[in-house]
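Okay, work21.txt is below, compact mmCIF, C-alpha atoms:
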# COMPACT_ATOMS: atom_id res chain seq x y z
CA GLU P 276 0.00 0.00 0.00
CA ALA P 277 1.17 3.51 -0.78
CA SER P 278 0.41 4.55 2.81
CA GLN P 279 3.00 2.04 4.06
CA GLN P 280 5.80 3.50 1.95
CA PRO P 281 8.08 6.26 3.25
CA LYS P 282 7.72 9.76 1.92
CA THR P 283 11.41 9.99 1.11
CA TYR P 284 14.27 7.61 0.34
CA ARG P 285 18.05 7.76 0.18
CA LYS P 286 20.22 7.29 -2.87
CA ILE P 287 23.84 7.74 -3.89
CA GLU P 288 24.24 10.54 -6.40
CA VAL P 289 27.32 11.36 -8.45
CA ALA P 290 27.79 15.04 -7.71
CA LYS P 291 31.03 15.52 -9.63
CA LEU P 292 33.42 13.45 -11.73
CA SER P 293 36.39 12.15 -9.80
CA PRO P 294 38.51 8.96 -9.80
CA LYS P 295 37.84 8.75 -6.06
CA PHE P 296 34.34 7.35 -5.64
CA ARG P 297 33.79 8.83 -2.18
CA GLU P 298 34.70 12.29 -3.42
CA ALA P 299 32.53 11.94 -6.52
CA THR P 300 29.38 10.85 -4.70
CA ARG P 301 27.06 11.95 -1.96
CA ILE P 302 24.05 10.47 -0.20
CA VAL P 303 20.87 12.46 -0.72
CA SER P 304 17.28 12.11 0.44
CA VAL P 305 14.60 12.68 -2.19
CA PRO P 306 10.82 12.30 -2.34
CA LEU P 307 9.63 8.77 -3.07
CA PRO P 308 7.86 8.90 -6.47
CA ARG P 309 4.63 7.14 -7.32
CA PRO P 310 4.60 5.02 -10.47
CA LYS P 311 2.91 6.34 -13.57
CA GLU P 312 0.66 4.05 -15.60
CA ASN P 313 3.51 2.05 -17.20
CA GLU P 314 6.00 2.19 -14.35
CA VAL P 315 7.00 -0.03 -11.46
CA LEU P 316 8.42 0.99 -8.10
CA PHE P 317 10.55 -1.53 -6.24
CA LYS P 318 12.56 -1.62 -3.04
CA ILE P 319 16.17 -2.50 -3.78
CA VAL P 320 17.54 -5.47 -1.86
CA TRP P 321 20.75 -6.21 -3.77
CA ALA P 322 22.98 -4.04 -5.96
CA GLY P 323 25.91 -5.05 -8.13
CA ILE P 324 29.25 -3.26 -7.96
CA ASN P 325 31.21 -3.04 -11.20
CA ALA P 326 34.44 -1.57 -12.47
CA SER P 327 32.26 0.51 -14.78
CA ASP P 328 30.81 2.28 -11.75
CA ILE P 329 34.22 3.85 -11.16
CA ASN P 330 34.61 4.61 -14.85
CA PHE P 331 31.31 6.48 -14.81
CA THR P 332 32.09 8.48 -11.69
CA SER P 333 35.61 9.32 -12.88
CA GLY P 334 34.41 10.53 -16.29
CA LYS P 335 36.40 7.96 -18.27
CA TYR P 336 33.49 7.48 -20.65
CA PRO P 337 33.71 10.53 -22.94
CA PHE P 338 30.84 11.97 -24.90
CA VAL P 339 30.87 11.50 -28.66
CA PRO P 340 28.26 13.27 -30.82
CA LEU P 341 25.89 10.86 -32.54
CA VAL P 342 27.00 12.08 -35.97
CA HIS P 343 30.47 10.71 -35.21
CA PHE P 344 29.20 7.50 -33.63
CA PHE P 345 30.18 4.99 -36.30
CA LEU P 346 33.62 6.55 -36.72
CA ALA P 347 34.12 6.53 -32.96
CA LEU P 348 33.30 2.82 -32.80
CA LYS P 349 36.65 2.16 -34.46
CA PHE P 350 38.59 3.81 -31.66
CA LEU P 351 36.57 3.84 -28.45
CA ASN P 352 34.80 1.38 -26.22
CA PRO P 353 31.17 1.71 -27.40
CA LEU P 354 30.07 1.76 -23.78
CA GLN P 355 32.11 4.93 -23.41
CA ILE P 356 30.25 6.49 -26.32
CA LEU P 357 26.71 5.65 -25.37
CA ALA P 358 26.68 5.59 -21.60
CA TRP P 359 28.47 8.83 -20.81
CA ARG P 360 26.57 11.44 -18.89
CA PRO P 361 27.46 14.62 -17.05
CA ALA P 362 27.09 14.97 -13.28
CA PRO P 363 24.88 14.92 -11.36
CA PHE P 364 23.44 11.46 -12.00
CA ASP P 365 22.41 8.47 -9.93
CA ALA P 366 25.02 5.81 -9.20
CA GLY P 367 24.83 2.08 -9.88
CA PHE P 368 23.16 0.14 -12.69
CA GLU P 369 22.65 -3.43 -11.46
CA SER P 370 19.89 -4.04 -8.96
CA ILE P 371 17.40 -6.61 -7.69
CA GLY P 372 14.43 -5.81 -5.53
CA THR P 373 10.82 -6.37 -4.54
CA VAL P 374 7.94 -4.56 -6.23
CA VAL P 375 6.04 -2.26 -3.88
CA ALA P 376 3.80 -0.45 -6.38
CA VAL P 377 2.82 -0.66 -10.05
CA GLY P 378 1.14 1.67 -12.52
CA ASP P 379 -2.44 1.16 -13.65
CA ARG P 380 -1.43 -0.31 -17.02
CA VAL P 381 1.19 -2.72 -15.72
CA THR P 382 -0.21 -6.25 -15.95
CA ARG P 383 2.78 -8.61 -15.97
CA LEU P 384 4.11 -7.50 -12.58
CA LYS P 385 2.46 -7.20 -9.19
CA VAL P 386 3.34 -6.07 -5.69
CA GLY P 387 5.63 -8.58 -4.04
CA ASP P 388 7.31 -9.78 -7.25
CA ALA P 389 11.09 -10.09 -7.32
CA VAL P 390 12.56 -8.11 -10.22
CA LEU P 391 15.92 -7.56 -11.92
CA VAL P 392 16.86 -4.44 -13.86
CA GLU P 393 17.65 -5.22 -17.50
CA VAL P 394 21.05 -3.78 -18.42
CA VAL P 395 20.51 -4.28 -22.16
CA ASN P 396 17.16 -4.14 -23.92
CA SER P 397 17.11 -7.04 -26.36
CA HIS P 398 14.99 -5.25 -28.95
CA ILE P 399 17.85 -2.91 -29.77
CA ILE P 400 20.39 -5.67 -30.33
CA ASN P 401 21.31 -6.61 -33.86
CA GLN P 402 24.19 -8.44 -35.46
CA PHE P 403 25.73 -5.33 -36.99
CA LEU P 404 26.15 -3.52 -33.70
CA ILE P 405 26.39 -6.52 -31.43
CA LEU P 406 29.00 -5.99 -28.73
CA SER P 407 28.73 -2.32 -29.43
CA LEU P 408 26.09 -2.74 -26.73
CA ILE P 409 23.59 -0.09 -27.71
CA ILE P 410 22.80 0.22 -24.06
CA GLU P 411 19.94 1.87 -22.31
CA LEU P 412 21.73 1.84 -19.01
CA VAL P 413 19.41 2.53 -16.13
CA PHE P 414 21.19 4.25 -13.27
CA GLY P 415 19.97 4.35 -9.70
CA ALA P 416 20.89 0.94 -8.28
CA PHE P 417 22.70 2.44 -5.29
CA ALA P 418 19.50 3.51 -3.60
CA GLU P 419 16.72 2.28 -1.33
CA TYR P 420 14.06 2.42 -4.07
CA GLN P 421 14.02 2.57 -7.85
CA LEU P 422 11.30 3.67 -10.27
CA LEU P 423 11.45 2.34 -13.82
CA ASP P 424 9.36 1.67 -16.88
CA ALA P 425 8.00 -1.87 -16.51
CA THR P 426 9.70 -2.91 -19.76
CA LYS P 427 13.11 -2.37 -18.16
CA VAL P 428 12.74 -5.03 -15.47
CA SER P 429 12.38 -8.81 -15.55
CA ARG P 430 10.57 -10.93 -12.99
CA LEU P 431 12.68 -13.37 -10.98
CA PRO P 432 11.70 -16.50 -9.08
CA ALA P 433 13.28 -15.05 -5.93
CA VAL P 434 15.24 -12.09 -4.62
CA ASP P 435 18.59 -13.80 -5.04
CA PRO P 436 21.88 -11.91 -5.56
CA SER P 437 23.22 -14.70 -7.78
CA PHE P 438 21.04 -13.29 -10.57
CA LEU P 439 22.86 -9.94 -10.56
CA PRO P 440 25.76 -10.84 -12.90
CA LEU P 441 23.48 -12.32 -15.57
CA MET P 442 22.47 -9.07 -17.25
CA GLY P 443 25.97 -7.62 -17.35
CA SER P 444 28.75 -10.17 -17.48
CA GLY P 445 26.53 -13.08 -18.50
CA LEU P 446 24.87 -11.29 -21.38
CA THR P 447 28.17 -9.84 -22.57
CA ALA P 448 29.69 -13.32 -22.82
CA SER P 449 26.59 -14.76 -24.46
CA LEU P 450 26.37 -12.05 -27.11
CA ALA P 451 30.08 -12.27 -27.87
CA LEU P 452 30.00 -16.03 -28.38
CA GLN P 453 26.72 -16.18 -30.25
CA TYR P 454 26.69 -13.14 -32.51
CA SER P 455 30.24 -11.95 -32.93
CA GLY P 456 31.95 -15.34 -32.80
CA HIS P 457 29.10 -17.39 -34.32
CA MET P 458 30.01 -20.18 -31.94
CA THR P 459 28.49 -23.57 -32.66
CA SER P 460 29.68 -26.80 -31.02
CA GLY P 461 32.64 -29.09 -31.43
CA GLU P 462 35.01 -26.10 -31.55
CA THR P 463 37.94 -24.99 -29.41
CA VAL P 464 37.31 -21.74 -27.57
CA LEU P 465 40.20 -19.90 -25.95
CA VAL P 466 39.18 -17.44 -23.25
CA THR P 467 42.07 -15.12 -22.53
CA GLY P 468 42.91 -11.54 -21.76
CA ARG P 469 44.94 -8.89 -23.49
CA PHE P 470 46.33 -5.93 -21.63
CA LEU P 471 44.65 -2.61 -22.40
CA THR P 472 41.88 -4.19 -24.44
CA PRO P 473 39.03 -1.78 -23.69
CA THR P 474 36.00 -3.85 -24.74
CA PRO P 475 35.02 -7.45 -25.48
CA LYS P 476 36.29 -8.64 -28.86
CA LEU P 477 35.86 -12.00 -30.45
CA THR P 478 37.64 -13.78 -33.24
CA ARG P 479 36.67 -17.22 -34.39
CA PHE P 480 38.98 -18.85 -31.89
CA MET P 481 39.71 -16.38 -29.11
CA LEU P 482 37.56 -14.24 -26.84
CA THR P 483 39.37 -11.21 -25.44
CA ILE P 484 37.26 -9.82 -22.67
CA THR P 485 39.07 -7.79 -20.06
CA ARG P 486 42.17 -5.79 -19.30
CA GLN P 487 43.45 -8.62 -17.13
CA PRO P 488 45.73 -11.43 -18.31
CA THR P 489 43.56 -13.91 -16.42
CA ALA P 490 40.29 -13.07 -18.13
CA ALA P 491 38.65 -16.42 -17.44
CA ALA P 492 38.85 -15.63 -13.73
CA GLY P 493 36.65 -12.54 -14.11
CA GLY P 494 32.88 -12.36 -14.24
CA THR P 495 32.49 -12.29 -18.02
CA GLY P 496 35.23 -14.89 -18.47
CA GLN P 497 33.57 -17.33 -16.11
CA PHE P 498 30.32 -17.04 -18.01
CA ALA P 499 32.14 -17.47 -21.33
CA VAL P 500 33.79 -20.69 -20.13
CA GLN P 501 30.50 -22.14 -18.89
CA LEU P 502 28.49 -21.16 -21.96
CA ALA P 503 31.10 -22.52 -24.35
CA LYS P 504 31.23 -25.81 -22.46
CA LEU P 505 27.44 -26.07 -22.35
CA ALA P 506 27.45 -25.63 -26.13
CA GLY P 507 29.68 -28.69 -26.47
CA ASN P 508 33.01 -27.01 -27.05
CA HIS P 509 36.52 -27.59 -25.76
CA VAL P 510 37.48 -24.57 -23.69
CA ILE P 511 41.01 -23.44 -22.98
Kindly transcribe the structure held in the file into structure tokens.
Amino acid sequence: EASQQPKTYRKIEVAKLSPKFREATRIVSVPLPRPKENEVLFKIVWAGINASDINFTSGKYPFVPLVHFFLALKFLNPLQILAWRPAPFDAGFESIGTVVAVGDRVTRLKVGDAVLVEVVNSHIINQFLILSLIIELVFGAFAEYQLLDATKVSRLPAVDPSFLPLMGSGLTASLALQYSGHMTSGETVLVTGRFLTPTPKLTRFMLTITRQPTAAAGGTGQFAVQLAKLAGNHVI
């Protein structure tokens, strides 16, 4: 019930760009919004912490005008191009919570449902720009509540933090293997790292996914190993 919800809630806001997260952010109290007809309000229980959170708050993702987008893809991490925003903005983009209110036109979700914020909307993915990650990143995970359009969340069987990596690292690995690498089965897949590689890249035989030389030990690498093995491949 709306009467049971607080009038305000706390969130972490990026007040300025700085490589030091504590200096870049502040905790603010803001009025708790009520969902519009197509929106859902949920109480956040778990939030994911990513290296990208620091990249956002430090301003390492520069703005590139849309007219230069395709040219910029050759030189920059596409996430840098599309996800950049000036301060102030809400921090965090991976969250799981429990629905506390829904708009009048929301039918697939109800109060009490466990939900996960979708990092990538599948309808904007295509093979030409796959791994460019045309992302509609939804910020605001580092907060007590989050209000989103109902199309940006997925229902979960339970409020379980193990679901958090699926929409970021898991989906990145899946898209790389399926669309960029055209992985089938009976192949040999090498999951490795290359220093200073800024974004996931895939050749027919090697997935380069992080800046670390032990890429298979990271979140995306672990998903890549499991998905490749599940597809019937030999993974190195």
*Residue contacts of Lys311 (chain P) (8 Å, all atoms listed in the file) excluding same-chain residues fewer than 6 positions away, as a VMD selection string*: chain P and resid 377 to 379
*Do you have the CA of Val320 (chain P)-CA of Ala299 (chain P) distance handy?*
23.4 Å
*List the neighbours of region 414-419 of chain P out to 12 Å using all atoms listed in the file; skip same-chain residues closer than 6 positions along the sequence, and give me the result as an NGL selection string.*
:P and (280-281 or 283-289 or 300-307 or 316-325 or 327-328 or 331-332 or 358-360 or 363-373 or 375 or 391-394 or 427 or 439)
Write to file, as a PDB file, keeping the file's coordinate frame, the residues of the selection just made, with C-alpha atoms.
ATOM      1  CA  GLN P 280       5.800   3.500   1.950  1.00  0.00           C
ATOM      2  CA  PRO P 281       8.080   6.260   3.250  1.00  0.00           C
ATOM      3  CA  THR P 283      11.410   9.990   1.110  1.00  0.00           C
ATOM      4  CA  TYR P 284      14.270   7.610   0.340  1.00  0.00           C
ATOM      5  CA  ARG P 285      18.050   7.760   0.180  1.00  0.00           C
ATOM      6  CA  LYS P 286      20.220   7.290  -2.870  1.00  0.00           C
ATOM      7  CA  ILE P 287      23.840   7.740  -3.890  1.00  0.00           C
ATOM      8  CA  GLU P 288      24.240  10.540  -6.400  1.00  0.00           C
ATOM      9  CA  VAL P 289      27.320  11.360  -8.450  1.00  0.00           C
ATOM     10  CA  THR P 300      29.380  10.850  -4.700  1.00  0.00           C
ATOM     11  CA  ARG P 301      27.060  11.950  -1.960  1.00  0.00           C
ATOM     12  CA  ILE P 302      24.050  10.470  -0.200  1.00  0.00           C
ATOM     13  CA  VAL P 303      20.870  12.460  -0.720  1.00  0.00           C
ATOM     14  CA  SER P 304      17.280  12.110   0.440  1.00  0.00           C
ATOM     15  CA  VAL P 305      14.600  12.680  -2.190  1.00  0.00           C
ATOM     16  CA  PRO P 306      10.820  12.300  -2.340  1.00  0.00           C
ATOM     17  CA  LEU P 307       9.630   8.770  -3.070  1.00  0.00           C
ATOM     18  CA  LEU P 316       8.420   0.990  -8.100  1.00  0.00           C
ATOM     19  CA  PHE P 317      10.550  -1.530  -6.240  1.00  0.00           C
ATOM     20  CA  LYS P 318      12.560  -1.620  -3.040  1.00  0.00           C
ATOM     21  CA  ILE P 319      16.170  -2.500  -3.780  1.00  0.00           C
ATOM     22  CA  VAL P 320      17.540  -5.470  -1.860  1.00  0.00           C
ATOM     23  CA  TRP P 321      20.750  -6.210  -3.770  1.00  0.00           C
ATOM     24  CA  ALA P 322      22.980  -4.040  -5.960  1.00  0.00           C
ATOM     25  CA  GLY P 323      25.910  -5.050  -8.130  1.00  0.00           C
ATOM     26  CA  ILE P 324      29.250  -3.260  -7.960  1.00  0.00           C
ATOM     27  CA  ASN P 325      31.210  -3.040 -11.200  1.00  0.00           C
ATOM     28  CA  SER P 327      32.260   0.510 -14.780  1.00  0.00           C
ATOM     29  CA  ASP P 328      30.810   2.280 -11.750  1.00  0.00           C
ATOM     30  CA  PHE P 331      31.310   6.480 -14.810  1.00  0.00           C
ATOM     31  CA  THR P 332      32.090   8.480 -11.690  1.00  0.00           C
ATOM     32  CA  ALA P 358      26.680   5.590 -21.600  1.00  0.00           C
ATOM     33  CA  TRP P 359      28.470   8.830 -20.810  1.00  0.00           C
ATOM     34  CA  ARG P 360      26.570  11.440 -18.890  1.00  0.00           C
ATOM     35  CA  PRO P 363      24.880  14.920 -11.360  1.00  0.00           C
ATOM     36  CA  PHE P 364      23.440  11.460 -12.000  1.00  0.00           C
ATOM     37  CA  ASP P 365      22.410   8.470  -9.930  1.00  0.00           C
ATOM     38  CA  ALA P 366      25.020   5.810  -9.200  1.00  0.00           C
ATOM     39  CA  GLY P 367      24.830   2.080  -9.880  1.00  0.00           C
ATOM     40  CA  PHE P 368      23.160   0.140 -12.690  1.00  0.00           C
ATOM     41  CA  GLU P 369      22.650  -3.430 -11.460  1.00  0.00           C
ATOM     42  CA  SER P 370      19.890  -4.040  -8.960  1.00  0.00           C
ATOM     43  CA  ILE P 371      17.400  -6.610  -7.690  1.00  0.00           C
ATOM     44  CA  GLY P 372      14.430  -5.810  -5.530  1.00  0.00           C
ATOM     45  CA  THR P 373      10.820  -6.370  -4.540  1.00  0.00           C
ATOM     46  CA  VAL P 375       6.040  -2.260  -3.880  1.00  0.00           C
ATOM     47  CA  LEU P 391      15.920  -7.560 -11.920  1.00  0.00           C
ATOM     48  CA  VAL P 392      16.860  -4.440 -13.860  1.00  0.00           C
ATOM     49  CA  GLU P 393      17.650  -5.220 -17.500  1.00  0.00           C
ATOM     50  CA  VAL P 394      21.050  -3.780 -18.420  1.00  0.00           C
ATOM     51  CA  LYS P 427      13.110  -2.370 -18.160  1.00  0.00           C
ATOM     52  CA  LEU P 439      22.860  -9.940 -10.560  1.00  0.00           C
TER      53      LEU P 439
END
